[in-house]
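For reference, run_11.csv (CSV, C-alpha atoms):
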chain,number,residue,atom,x,y,z
M,27,MET,CA,269.2,159.3,195.9
M,28,ALA,CA,266.5,161.0,193.7
M,29,GLU,CA,264.1,158.7,191.9
M,30,VAL,CA,264.9,158.3,188.2
M,31,LEU,CA,261.9,158.5,185.8
M,32,SER,CA,261.5,156.1,182.9
M,33,GLN,CA,261.0,157.3,179.4
M,34,SER,CA,257.3,156.4,179.4
M,35,GLN,CA,256.8,158.3,182.6
M,36,ILE,CA,258.6,161.3,181.1
M,37,ASP,CA,256.4,161.2,178.0
M,38,ALA,CA,253.2,160.9,180.1
M,39,LEU,CA,254.3,163.9,182.2
M,40,LEU,CA,255.1,166.0,179.1
M,41,ASN,CA,251.7,165.1,177.5
M,42,SER,CA,249.8,166.0,180.7
M,43,MET,CA,251.6,169.4,180.8
M,44,ARG,CA,250.8,170.0,177.1
M,45,SER,CA,247.1,169.1,177.5
M,46,GLY,CA,246.9,171.2,180.7
M,47,GLY,CA,248.3,174.2,178.8
M,48,GLU,CA,245.8,173.8,176.0
M,49,GLU,CA,242.9,173.6,178.4
M,50,ALA,CA,244.1,176.8,180.1
M,51,LYS,CA,244.3,178.5,176.7
M,52,ALA,CA,240.8,177.3,175.8
M,53,GLU,CA,239.4,178.7,179.1
M,54,GLU,CA,241.1,182.0,178.4
M,55,LYS,CA,239.7,182.2,174.8
M,56,LYS,CA,236.2,181.3,176.0
M,57,PRO,CA,234.2,184.5,175.4
M,58,GLU,CA,232.5,186.2,178.3
M,59,LYS,CA,228.8,186.4,178.2
M,60,LYS,CA,227.8,190.0,177.3
M,61,TYR,CA,225.0,191.8,179.0
M,62,ARG,CA,223.4,194.9,177.7
M,63,LYS,CA,223.9,197.9,179.9
M,64,TYR,CA,220.8,199.5,181.4
M,65,ASP,CA,220.9,203.3,181.5
M,66,PHE,CA,219.1,204.2,184.8
M,67,THR,CA,219.2,207.9,183.8
M,68,THR,CA,216.8,207.2,180.9
M,69,PRO,CA,214.4,204.4,182.0
M,70,ARG,CA,212.4,202.5,179.5
M,71,LYS,CA,209.0,204.0,178.6
M,72,PHE,CA,207.4,200.7,177.5
M,73,THR,CA,207.1,197.5,179.4
M,74,LYS,CA,207.9,194.1,178.1
M,75,ASP,CA,204.1,193.4,177.8
M,76,ARG,CA,203.8,196.4,175.4
M,77,ILE,CA,206.8,195.2,173.4
M,78,LYS,CA,205.3,191.7,173.2
M,79,MET,CA,202.0,193.3,172.1
M,80,LEU,CA,203.8,195.1,169.3
M,81,HIS,CA,205.6,192.0,168.3
M,82,GLY,CA,202.3,190.2,167.8
M,83,ILE,CA,200.9,193.2,165.9
M,84,PHE,CA,203.8,193.3,163.4
M,85,GLU,CA,203.9,189.5,163.1
M,86,ASN,CA,200.4,189.8,161.8
M,87,TYR,CA,201.4,192.8,159.6
M,88,THR,CA,204.2,190.8,158.0
M,89,ARG,CA,201.7,188.1,157.0
M,90,VAL,CA,199.4,190.7,155.4
M,91,ILE,CA,202.0,192.5,153.4
M,92,SER,CA,203.8,189.3,152.4
M,93,SER,CA,200.7,188.2,150.4
M,94,ARG,CA,200.4,191.6,148.9
M,95,LEU,CA,204.0,191.8,147.8
M,96,ASN,CA,203.7,188.3,146.3
M,97,ALA,CA,201.2,189.6,143.9
M,98,GLN,CA,203.0,192.9,143.1
M,99,LEU,CA,206.5,191.3,142.6
M,100,ARG,CA,205.3,188.1,141.0
M,101,THR,CA,207.5,186.0,143.3
M,102,THR,CA,207.6,184.5,146.7
M,103,CYS,CA,208.3,187.1,149.3
M,104,ALA,CA,209.0,186.1,152.9
M,105,ILE,CA,209.0,188.6,155.7
M,106,GLU,CA,209.8,188.1,159.4
M,107,VAL,CA,210.2,190.3,162.4
M,108,GLU,CA,213.8,190.3,163.5
M,109,SER,CA,213.7,192.6,166.5
M,110,ILE,CA,211.6,195.2,168.3
M,111,GLU,CA,213.7,197.5,170.4
M,112,GLU,CA,213.2,200.8,172.3
M,113,GLN,CA,216.0,203.3,171.7
M,114,LYS,CA,216.7,207.0,171.2
M,115,PHE,CA,216.0,208.4,167.8
M,116,TYR,CA,219.6,209.5,167.2
M,117,GLU,CA,220.7,205.8,167.3
M,118,PHE,CA,218.5,205.2,164.2
M,119,ASN,CA,219.3,208.5,162.6
M,120,ASN,CA,223.1,207.9,162.9
M,121,ALA,CA,222.8,204.6,161.0
M,122,LEU,CA,221.3,206.4,158.0
M,123,MET,CA,223.5,207.2,155.0
M,124,GLU,CA,223.4,210.1,152.5
M,125,GLY,CA,221.0,209.2,149.8
M,126,ASP,CA,218.7,207.1,152.0
M,127,VAL,CA,215.0,207.7,151.7
M,128,LEU,CA,212.3,207.6,154.3
M,129,ALA,CA,208.5,207.3,154.0
M,130,MET,CA,206.7,209.7,156.3
M,131,VAL,CA,203.4,208.4,157.6
M,132,ASP,CA,200.5,210.2,159.3
M,133,VAL,CA,198.8,208.3,162.1
M,134,THR,CA,195.2,208.7,163.3
M,135,VAL,CA,193.6,206.9,166.2
M,136,HIS,CA,189.8,206.4,166.0
M,137,PRO,CA,188.3,205.8,169.4
M,138,ARG,CA,185.4,203.3,169.6
M,139,THR,CA,183.9,205.1,172.6
M,140,GLU,CA,180.7,207.1,171.9
M,141,GLY,CA,181.4,210.7,171.3
M,142,GLY,CA,185.2,210.1,171.0
M,143,ARG,CA,187.1,212.3,168.6
M,144,ASP,CA,189.9,211.1,166.3
M,145,ILE,CA,193.4,211.6,167.6
M,146,GLU,CA,195.9,212.8,165.0
M,147,ALA,CA,199.5,212.1,166.0
M,148,GLU,CA,201.8,215.1,165.8
M,149,ASP,CA,205.0,213.1,165.1
M,150,PRO,CA,205.1,211.0,162.0
M,151,VAL,CA,205.9,207.3,161.8
M,152,MET,CA,208.8,206.6,159.5
M,153,VAL,CA,209.3,203.6,157.3
M,154,TYR,CA,212.7,202.8,155.9
M,155,LEU,CA,213.4,200.4,153.0
M,156,SER,CA,217.1,199.7,152.3
M,157,THR,CA,218.2,201.0,148.9
M,158,GLN,CA,219.3,197.6,147.6
M,159,THR,CA,215.9,196.2,148.6
M,160,ALA,CA,213.9,199.0,147.1
M,161,LEU,CA,215.7,198.9,143.8
M,162,GLY,CA,215.3,195.2,143.6
M,163,MET,CA,211.6,195.4,144.1
M,164,MET,CA,211.3,198.2,141.5
M,165,ASP,CA,213.1,196.0,139.0
M,166,ARG,CA,210.6,193.3,139.5
M,167,MET,CA,207.7,195.7,139.3
M,168,MET,CA,209.0,196.9,135.9
M,169,GLY,CA,209.1,193.3,134.6
M,170,SER,CA,212.7,192.3,135.3
M,171,GLU,CA,213.5,188.9,136.8
M,172,GLY,CA,215.4,190.6,139.6
M,173,GLU,CA,218.3,188.2,139.4
M,174,SER,CA,221.0,190.7,138.8
M,175,ASP,CA,223.5,191.2,141.6
M,176,ARG,CA,224.6,194.7,140.7
M,177,GLU,CA,226.3,196.6,143.5
M,178,ILE,CA,224.7,199.9,144.6
M,179,PRO,CA,227.3,202.6,145.2
M,180,MET,CA,227.5,204.4,148.5
M,181,GLY,CA,225.2,207.4,148.7
M,182,TYR,CA,223.2,206.3,145.6
M,183,ALA,CA,220.6,209.0,144.7
M,184,TYR,CA,217.2,207.9,143.5
M,185,THR,CA,216.0,209.2,140.2
M,186,ASP,CA,212.6,210.9,139.9
M,187,LEU,CA,211.1,207.8,138.3
M,188,GLU,CA,212.5,205.6,141.1
M,189,LEU,CA,211.0,208.0,143.7
M,190,GLN,CA,207.6,207.6,142.0
M,191,LEU,CA,207.9,203.8,142.1
M,192,TYR,CA,209.1,204.0,145.7
M,193,GLU,CA,206.0,206.0,146.7
M,194,LEU,CA,203.7,203.6,144.8
M,195,LEU,CA,205.3,200.6,146.5
M,196,LEU,CA,205.4,202.0,150.0
M,197,LYS,CA,202.0,203.6,149.9
M,198,ASP,CA,200.2,200.3,149.3
M,199,ILE,CA,201.9,198.4,152.2
M,200,ILE,CA,201.7,201.3,154.6
M,201,GLU,CA,197.9,201.5,154.3
M,202,LEU,CA,197.7,197.8,155.3
M,203,MET,CA,199.5,198.5,158.6
M,204,GLY,CA,196.2,199.6,160.2
M,205,SER,CA,194.6,196.2,159.8
M,206,SER,CA,197.0,194.6,162.3
M,207,TRP,CA,195.8,197.0,165.0
M,208,GLU,CA,192.1,196.4,164.7
M,209,ASN,CA,192.0,193.9,167.6
M,210,TYR,CA,193.1,196.6,169.9
M,211,VAL,CA,192.0,200.0,168.6
M,212,PRO,CA,191.2,201.3,165.1
M,213,VAL,CA,194.3,203.1,163.8
M,214,SER,CA,194.8,204.4,160.2
M,215,PHE,CA,198.2,204.9,158.6
M,216,ALA,CA,198.4,207.2,155.6
M,217,TYR,CA,201.5,207.9,153.4
M,218,GLU,CA,202.3,211.6,153.7
M,219,ARG,CA,205.5,212.2,151.7
M,220,THR,CA,208.9,210.9,150.7
M,221,GLN,CA,211.8,212.3,152.6
M,222,VAL,CA,215.1,212.3,150.7
M,223,ASN,CA,218.4,212.7,152.6
M,224,PRO,CA,216.7,212.5,156.0
M,225,THR,CA,220.1,213.1,157.7
M,226,LEU,CA,220.0,216.7,156.6
M,227,VAL,CA,216.5,217.3,158.1
M,228,THR,CA,215.4,217.3,161.7
M,229,LEU,CA,212.5,214.9,161.7
M,230,LEU,CA,212.3,214.3,165.4
M,231,ASN,CA,214.1,215.4,168.5
M,232,LEU,CA,217.3,213.3,168.6
M,233,ASP,CA,216.7,212.4,172.3
M,234,GLU,CA,213.1,211.3,171.5
M,235,THR,CA,212.3,207.7,172.5
M,236,VAL,CA,211.2,205.6,169.6
M,237,VAL,CA,210.5,201.9,169.1
M,238,LEU,CA,212.4,200.4,166.1
M,239,VAL,CA,210.8,197.4,164.4
M,240,ASP,CA,213.3,195.6,162.1
M,241,MET,CA,212.0,193.2,159.5
M,242,LYS,CA,213.9,190.9,157.2
M,243,LEU,CA,212.6,190.5,153.6
M,244,THR,CA,213.5,187.7,151.3
M,245,PHE,CA,212.3,187.7,147.7
M,246,GLY,CA,213.6,186.0,144.6
M,247,SER,CA,217.3,185.5,145.1
M,248,GLY,CA,217.8,188.6,147.3
M,249,GLU,CA,217.4,189.7,150.8
M,250,GLY,CA,216.7,193.1,152.3
M,251,ARG,CA,215.7,195.1,155.4
M,252,MET,CA,212.7,197.1,156.3
M,253,SER,CA,212.3,199.2,159.4
M,254,VAL,CA,209.4,201.0,161.0
M,255,VAL,CA,210.2,203.8,163.5
M,256,LEU,CA,207.3,204.4,166.0
M,257,PRO,CA,207.8,207.6,168.0
M,258,GLY,CA,207.1,207.3,171.7
M,259,ASN,CA,204.5,210.0,171.7
M,260,VAL,CA,202.5,208.2,169.0
M,261,LEU,CA,202.6,204.9,170.9
M,262,MET,CA,201.6,206.6,174.2
M,263,SER,CA,198.5,208.0,172.4
M,264,ILE,CA,197.7,204.6,171.0
M,265,PHE,CA,198.3,202.7,174.2
M,266,GLY,CA,196.3,205.2,176.2
M,267,GLU,CA,193.3,204.6,173.9
M,268,VAL,CA,193.8,200.9,174.2
M,269,ASN,CA,193.7,201.2,178.0
M,270,ARG,CA,190.5,203.3,177.9
M,271,GLU,CA,188.8,200.9,175.6
M,272,SER,CA,189.8,197.8,177.7
M,273,MET,CA,188.5,199.5,180.8
M,274,GLY,CA,185.3,200.5,179.1
M,275,ARG,CA,184.8,197.0,177.8
M,276,LYS,CA,185.3,195.7,181.3
M,277,VAL,CA,182.8,198.1,182.9
M,278,ALA,CA,180.3,197.4,180.1
M,279,SER,CA,180.6,193.7,180.5
M,280,GLU,CA,180.0,194.0,184.2
M,281,ASP,CA,177.0,196.2,183.7
M,282,ASN,CA,175.6,194.0,181.0
M,283,SER,CA,176.0,190.9,183.1
M,284,ASP,CA,173.8,192.4,185.8
M,285,GLU,CA,171.2,193.5,183.3
M,286,ILE,CA,171.2,190.1,181.6
M,287,PHE,CA,170.7,188.3,184.9
M,288,ASP,CA,167.8,190.7,185.9
M,289,LYS,CA,166.1,189.9,182.6
M,290,LEU,CA,166.6,186.2,183.0
M,291,ARG,CA,165.1,186.2,186.5
M,292,ASP,CA,161.8,187.7,185.1
M,293,SER,CA,161.7,185.4,182.0
M,294,THR,CA,159.4,182.4,181.7
M,295,LEU,CA,160.3,179.0,180.4
M,296,GLU,CA,158.1,176.2,179.2
M,297,ILE,CA,158.7,172.9,180.9
M,298,VAL,CA,157.4,169.7,179.4
M,299,ALA,CA,157.0,166.6,181.5
M,300,GLU,CA,157.1,163.4,179.5
M,301,LEU,CA,156.3,160.0,181.1
M,302,GLY,CA,156.9,158.1,177.9
M,303,ASP,CA,156.1,157.9,174.2
M,304,THR,CA,154.7,155.4,171.7
M,305,GLN,CA,153.8,155.1,168.1
M,306,LEU,CA,150.3,154.5,166.7
M,307,SER,CA,149.1,154.0,163.2
M,308,LEU,CA,146.8,156.6,161.7
M,309,SER,CA,143.9,154.2,161.7
M,310,ASP,CA,144.3,153.5,165.4
M,311,ILE,CA,144.3,157.2,166.1
M,312,TYR,CA,141.2,157.6,164.0
M,313,HIS,CA,139.2,155.1,166.0
M,314,LEU,CA,140.2,156.4,169.4
M,315,ASN,CA,137.3,157.3,171.7
M,316,VAL,CA,136.9,158.9,175.1
M,317,GLY,CA,137.9,156.4,177.8
M,318,ASP,CA,140.3,154.4,175.6
M,319,VAL,CA,143.7,153.7,177.1
M,320,VAL,CA,147.0,154.0,175.2
M,321,ASP,CA,149.8,151.8,176.6
M,322,LEU,CA,153.1,153.7,176.9
M,323,GLY,CA,155.0,150.6,178.1
M,324,ARG,CA,155.9,152.2,181.4
M,325,SER,CA,154.4,152.1,184.9
M,326,LYS,CA,152.9,155.2,186.6
M,327,ASP,CA,155.8,155.1,189.1
M,328,SER,CA,158.5,155.3,186.3
M,329,PRO,CA,160.7,158.5,186.2
M,330,VAL,CA,159.4,161.4,184.3
M,331,PHE,CA,161.7,163.5,182.1
M,332,LEU,CA,161.4,167.3,182.3
M,333,GLU,CA,162.4,169.0,179.0
M,334,ILE,CA,163.3,172.6,178.5
M,335,GLY,CA,164.0,173.8,175.0
M,336,GLY,CA,163.8,170.3,173.7
M,337,TYR,CA,166.5,169.0,176.1
M,338,GLN,CA,166.1,166.8,179.2
M,339,TRP,CA,167.3,168.8,182.2
M,340,PHE,CA,165.6,166.9,185.1
M,341,THR,CA,164.1,163.6,186.0
M,342,GLY,CA,161.3,163.3,188.6
M,343,ARG,CA,158.2,161.5,189.9
M,344,MET,CA,154.6,162.3,189.2
M,345,GLY,CA,152.3,163.2,192.1
M,346,THR,CA,150.0,165.9,193.5
M,347,HIS,CA,150.6,169.1,195.4
M,348,LYS,CA,147.6,171.0,196.9
M,349,LYS,CA,145.3,168.9,194.7
M,350,ASN,CA,147.2,169.9,191.6
M,351,MET,CA,149.3,167.6,189.3
M,352,ALA,CA,152.9,168.0,190.2
M,353,ILE,CA,156.3,166.4,189.6
M,354,LYS,CA,159.0,166.0,192.3
M,355,ILE,CA,162.5,166.5,190.9
M,356,ASP,CA,164.8,163.5,191.7
M,357,GLU,CA,167.9,164.2,189.6
M,358,VAL,CA,169.5,167.1,187.6
M,359,CYS,CA,171.1,166.2,184.3
M,360,TYR,CA,174.3,168.2,184.5
M,361,SER,CA,176.2,166.9,181.5
M,362,ALA,CA,175.3,167.5,177.9
M,363,GLU,CA,175.3,163.8,177.2
M,364,GLN,CA,172.6,163.3,179.8
M,365,ARG,CA,170.5,166.2,178.4
M,366,SER,CA,170.6,164.9,174.8
M,367,GLU,CA,169.5,161.4,175.6
Would you kindly transcribe this structure into structure tokens?
Amino acid sequence: MAEVLSQSQIDALLNSMRSGGEEAKAEEKKPEKKYRKYDFTTPRKFTKDRIKMLHGIFENYTRVISSRLNAQLRTTCAIEVESIEEQKFYEFNNALMEGDVLAMVDVTVHPRTEGGRDIEAEDPVMVYLSTQTALGMMDRMMGSEGESDREIPMGYAYTDLELQLYELLLKDIIELMGSSWENYVPVSFAYERTQVNPTLVTLLNLDETVVLVDMKLTFGSGEGRMSVVLPGNVLMSIFGEVNRESMGRKVASEDNSDEIFDKLRDSTLEIVAELGDTQLSLSDIYHLNVGDVVDLGRSKDSPVFLEIGGYQWFTGRMGTHKKNMAIKIDEVCYSAEQRSE
């Protein structure tokens, strides 16, 4: 005869089935981890180290322009780097809308090597400031509090006055971009022109590799976005000069080290041997005569301190060598504490 279940057992079985079903559904709903696909047909031009270097450069740049915008906009402006990504130019170009404006920037690399000539990049760097952000900044520049939340229509066209203010705003912060590169190589960025409706003009080859730097701006009660497009050819020129300078500094440091050591080998140093010291009054010194003895409070066999440049470097014992006064070194004072005693 089949076993009959009690009501409590039936309830427990039903609850376990319900909880098991919910766990299964939860597992099904759990999103899968997404991985970015790597296109082996178009390998990356720039290594992670180069991207990391750019991240440090633009982190420094955001600090510089943040203080400048604080003064211009008369409000606290916070800027941070959101992402630095290598991509094709058409990916950035397809995201632009009719009415957007780009600032075209000329780039010149100034080699530090003797006889090196300035390198002017053929392709321009592009700076994009979202329309909402640009108009909000212009309002504050004209004296507004910038608190209005007006909606900007799609495809908004800048007026001539707004284009002038746009150029004034971008020209100042673009020229500051060169200061963040000084630790690597001198690079100057100069505002060239304002490009209206960039989607209708071929600025770069659509398949050109670029590095897109996205920055988030927060000022007043609004937020915005600023992007810098660095063409691959421009970065290759800059990184090439960085490599040459780093190699040059390495070779120069090696050559200088040999030269420095050669000069040190031929240099002379004054060594002062001090057995002890004492203090005398001026009257005692006045009455000193030949043959008088000054008590130093130490025996003749006590250690002698050898000083170089006012610091004790060695201790030794007094004696003679080939009928000349000499000192035999007993100990070397390696630590700074010993030398300063």
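The two atoms in question, atom CA of M:Ala129 and atom CA of M:Pro150, are spaced 9.4 Å apart.
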| task | To one decimal in Å, tell me the separation between atom CA of M:Arg324 and atom CA of M:Ala299. | result | 14.4 Å
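Interatomic distance, atom CA of M:Tyr217 against atom CA of M:Asp75: 28.5 Å.
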| message | For a quick check of understanding, using only C-alpha atoms, which of M:Val211, M:Leu256, M:Asp303, M:Leu202 has the smallest distance to M:Ile77? | response | M:Leu256
| query | Which polymer residues have any atom within 7 Å of an atom of stretch 154-168 of chain M, counting only C-alpha atoms, with same-chain residues fewer than 6 positions away left out, as a PyMOL selection string? | reply | chain M and resi 98-99+126-129+178+191+250-254
| query | Leaving out stretch 85-87 of chain M and any residue of its chain fewer than 4 positions from it, which residues lie within 9 Å of it when counting all atoms listed in the file, given as an MDAnalysis selection string? | reply | chainID M and resid 80:81 91:92 106:107 202:207
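Closest approach to M:Asp144 among M:Asp310, M:Lys242, M:Phe287, M:Pro212: M:Pro212, based on only C-alpha atoms.
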| request: May I have the residues within 6 Å of stretch 132-138 of chain M as a list in words, using all atoms listed in the file and disregarding those fewer than 3 positions away in the same chain? | output: Gly142, Asp144, Ile145, Glu146, Ala147, Pro150, Pro212, Val213, Ser214, Phe215 and Ala216 of chain M
| query | So, counting all atoms listed in the file, which residue among M:Glu234, M:Glu201, M:Glu193, M:Glu333 is closest to M:Glu112? | reply | M:Glu234
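Here the question is which of M:Arg219, M:Leu226, M:Met79, M:Leu95 gets nearest to M:Gly125 using all atoms listed in the file, and that residue is M:Leu226.
Among the candidates M:Ser283, M:Thr220, M:Ser93, M:Asn231, the residue lying nearest to M:Gln190 is M:Thr220 (atoms considered: all atoms listed in the file).
Among the candidates M:Tyr210, M:Phe245, M:Phe118, M:Tyr312, the residue lying nearest to M:Ile264 is M:Tyr210 (atoms considered: all atoms listed in the file).
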